[in-house]
Amino acid sequence: MELILWRHAEAKPGLPDLARELSAHGREEARSAAQWLDKRLSAPCRILVSPARRAQQTAAMLTRPYETVAALAPETNMTAFLAAIDWPQQRGLTLVVGHQPILGEVAAYLLGESQWMPKTAALCWLKALEPSKKILIPRQAQATLVTVFAP
């Protein structure tokens, strides 16, 4: 499984949180990241998106079909997030458009690191280690870093 964690682009402040929209700067960030991704994504790519408006608007810049997944909402936890994306059993490439702090927590957990703090619209592309190389010890890497992109 390959996994791309894409933090939503910059959003305007406001309430309710799920209704917050991208700022003008955020739309430019999302467009830049989407252009970068479009050149690199394979045709069969599963795209899962938080129900938050800002995440939906970020994902829409790709002009590819995506699925809204409630378990990727801002208040999610590690267990729900990993179950929603079917890590690491899912085959192929999965792109997730979501939020901080969970994206940073997931990246750090899978890489066996302490933390990752992605800026808005940043991407982290990971690849699961071969099953024979997995060691089920806390803080042990489960993935390798393919690349990071920040517009």
# chains A, B, ... in the order shown; residues from 1 in each chain; ligands from 1

$ residues_around --residues "Thr63 of chain A" --least-positions-apart "6" --cutoff "12 Å" --atoms "only C-alpha atoms" --output "number ranges by chain"
A: 30-31, 34-35, 37-38, 47, 56-57

$ residues_around --residues "Leu72 of chain A" --least-positions-apart "4" --cutoff "8 Å" --atoms "only C-alpha atoms" --output "list in words"
Val49, Ser50, Pro51, Thr76, Ala80, Phe81, Ala84 and Gly98 of chain A

$ residues_around --residues "segment 125-130 of chain A" --least-positions-apart "5" --cutoff "12 Å" --atoms "only C-alpha atoms" --output "PyMOL selection string"
chain A and resi 1-7+37+40-41+86-96+103+106-112+135-136+140-150

$ select_by_dssp --residues "segment 3-70 of chain A" --states "helix (DSSP H, G or I)" --output "ChimeraX atom specification"
/A:17-19,24-38,53-60,70

$ write_last_selection --atoms "C-alpha atoms" --output "PDB file, in the first residue's frame"
ATOM      1  CA  ASP A  17     -15.647  24.224  12.049  1.00  0.00           C
ATOM      2  CA  LEU A  18     -16.886  21.756   9.411  1.00  0.00           C
ATOM      3  CA  ALA A  19     -18.261  24.645   7.305  1.00  0.00           C
ATOM      4  CA  ALA A  24      -7.965  32.857  -1.462  1.00  0.00           C
ATOM      5  CA  HIS A  25      -4.422  31.835  -0.477  1.00  0.00           C
ATOM      6  CA  GLY A  26      -5.710  28.338   0.372  1.00  0.00           C
ATOM      7  CA  ARG A  27      -7.258  27.934  -3.081  1.00  0.00           C
ATOM      8  CA  GLU A  28      -3.858  28.766  -4.622  1.00  0.00           C
ATOM      9  CA  GLU A  29      -2.094  26.310  -2.287  1.00  0.00           C
ATOM     10  CA  ALA A  30      -4.590  23.566  -3.144  1.00  0.00           C
ATOM     11  CA  ARG A  31      -4.318  24.264  -6.871  1.00  0.00           C
ATOM     12  CA  SER A  32      -0.509  24.072  -6.718  1.00  0.00           C
ATOM     13  CA  ALA A  33      -0.526  20.809  -4.774  1.00  0.00           C
ATOM     14  CA  ALA A  34      -3.192  19.340  -7.089  1.00  0.00           C
ATOM     15  CA  GLN A  35      -1.106  20.163 -10.159  1.00  0.00           C
ATOM     16  CA  TRP A  36       1.897  18.462  -8.578  1.00  0.00           C
ATOM     17  CA  LEU A  37      -0.208  15.421  -7.695  1.00  0.00           C
ATOM     18  CA  ASP A  38      -1.935  15.159 -11.080  1.00  0.00           C
ATOM     19  CA  ARG A  53     -15.771  21.843   3.614  1.00  0.00           C
ATOM     20  CA  ARG A  54     -12.105  22.951   3.457  1.00  0.00           C
ATOM     21  CA  ALA A  55     -10.960  19.359   2.827  1.00  0.00           C
ATOM     22  CA  GLN A  56     -13.657  18.874   0.184  1.00  0.00           C
ATOM     23  CA  GLN A  57     -12.579  22.086  -1.577  1.00  0.00           C
ATOM     24  CA  THR A  58      -8.924  21.008  -1.444  1.00  0.00           C
ATOM     25  CA  ALA A  59      -9.721  17.595  -2.957  1.00  0.00           C
ATOM     26  CA  ALA A  60     -11.912  19.162  -5.658  1.00  0.00           C
ATOM     27  CA  ALA A  70     -16.824  10.550   8.120  1.00  0.00           C
TER      28      ALA A  70
END

$ residues_around --residues "Arg20 of chain A" --least-positions-apart "4" --cutoff "9 Å" --atoms "only C-alpha atoms" --output "list in words"
Ala11, Lys12, Pro13, Gly14, Leu15, Pro16, Ala52, Arg53 and Arg54 of chain A

$ write_last_selection --atoms "N, CA, C and O atoms" --output "short mmCIF file (atom, residue, chain, number, x, y, z; two decimals), in the first residue's frame"
data_model
loop_
_atom_site.label_atom_id
_atom_site.label_comp_id
_atom_site.auth_asym_id
_atom_site.auth_seq_id
_atom_site.Cartn_x
_atom_site.Cartn_y
_atom_site.Cartn_z
N ALA A 11 -7.58 27.67 5.43
CA ALA A 11 -9.01 27.97 5.50
C ALA A 11 -9.26 29.27 6.26
O ALA A 11 -8.44 29.70 7.08
N LYS A 12 -10.40 29.87 5.98
CA LYS A 12 -10.84 31.06 6.70
C LYS A 12 -11.25 30.63 8.11
O LYS A 12 -11.73 29.51 8.31
N PRO A 13 -11.08 31.52 9.09
CA PRO A 13 -11.56 31.18 10.44
C PRO A 13 -13.09 31.21 10.47
O PRO A 13 -13.72 31.78 9.58
N GLY A 14 -13.65 30.61 11.48
CA GLY A 14 -15.10 30.67 11.64
C GLY A 14 -15.69 29.43 12.27
O GLY A 14 -15.00 28.47 12.54
N LEU A 15 -16.97 29.51 12.50
CA LEU A 15 -17.73 28.40 13.06
C LEU A 15 -19.01 28.25 12.26
O LEU A 15 -19.51 29.23 11.71
N PRO A 16 -19.54 27.07 12.14
CA PRO A 16 -19.02 25.82 12.68
C PRO A 16 -17.77 25.37 11.92
O PRO A 16 -17.60 25.69 10.74
N ALA A 52 -15.23 17.77 6.10
CA ALA A 52 -15.10 19.22 6.31
C ALA A 52 -15.02 19.95 4.97
O ALA A 52 -14.35 19.49 4.04
N ARG A 53 -15.70 21.08 4.87
CA ARG A 53 -15.77 21.84 3.61
C ARG A 53 -14.38 22.16 3.07
O ARG A 53 -14.13 22.04 1.87
N ARG A 54 -13.45 22.58 3.91
CA ARG A 54 -12.10 22.95 3.46
C ARG A 54 -11.36 21.76 2.85
O ARG A 54 -10.60 21.92 1.89
#

$ select_by_dssp --residues "chain A" --states "strand (DSSP E)" --output "PyMOL selection string"
chain A and resi 2-7+45-49+67-68+93-98+123-128+143-149

$ closest_residue --among "A:Pro65, A:Glu10, A:Glu113, A:Leu82" --to "Ala43 of chain A" --atoms "only C-alpha atoms"
A:Pro65

$ closest_residue --among "A:Gln115, A:Ser23, A:Ala122, A:Pro74" --to "Gln100 of chain A" --atoms "only C-alpha atoms"
A:Pro74

$ atom_distance --atom1 "atom CA of Met117 of chain A" --atom2 "atom CA of Glu67 of chain A"
24.9 Å

$ atom_distance --atom1 "atom CA of Thr120 of chain A" --atom2 "atom CA of Glu105 of chain A"
15.1 Å
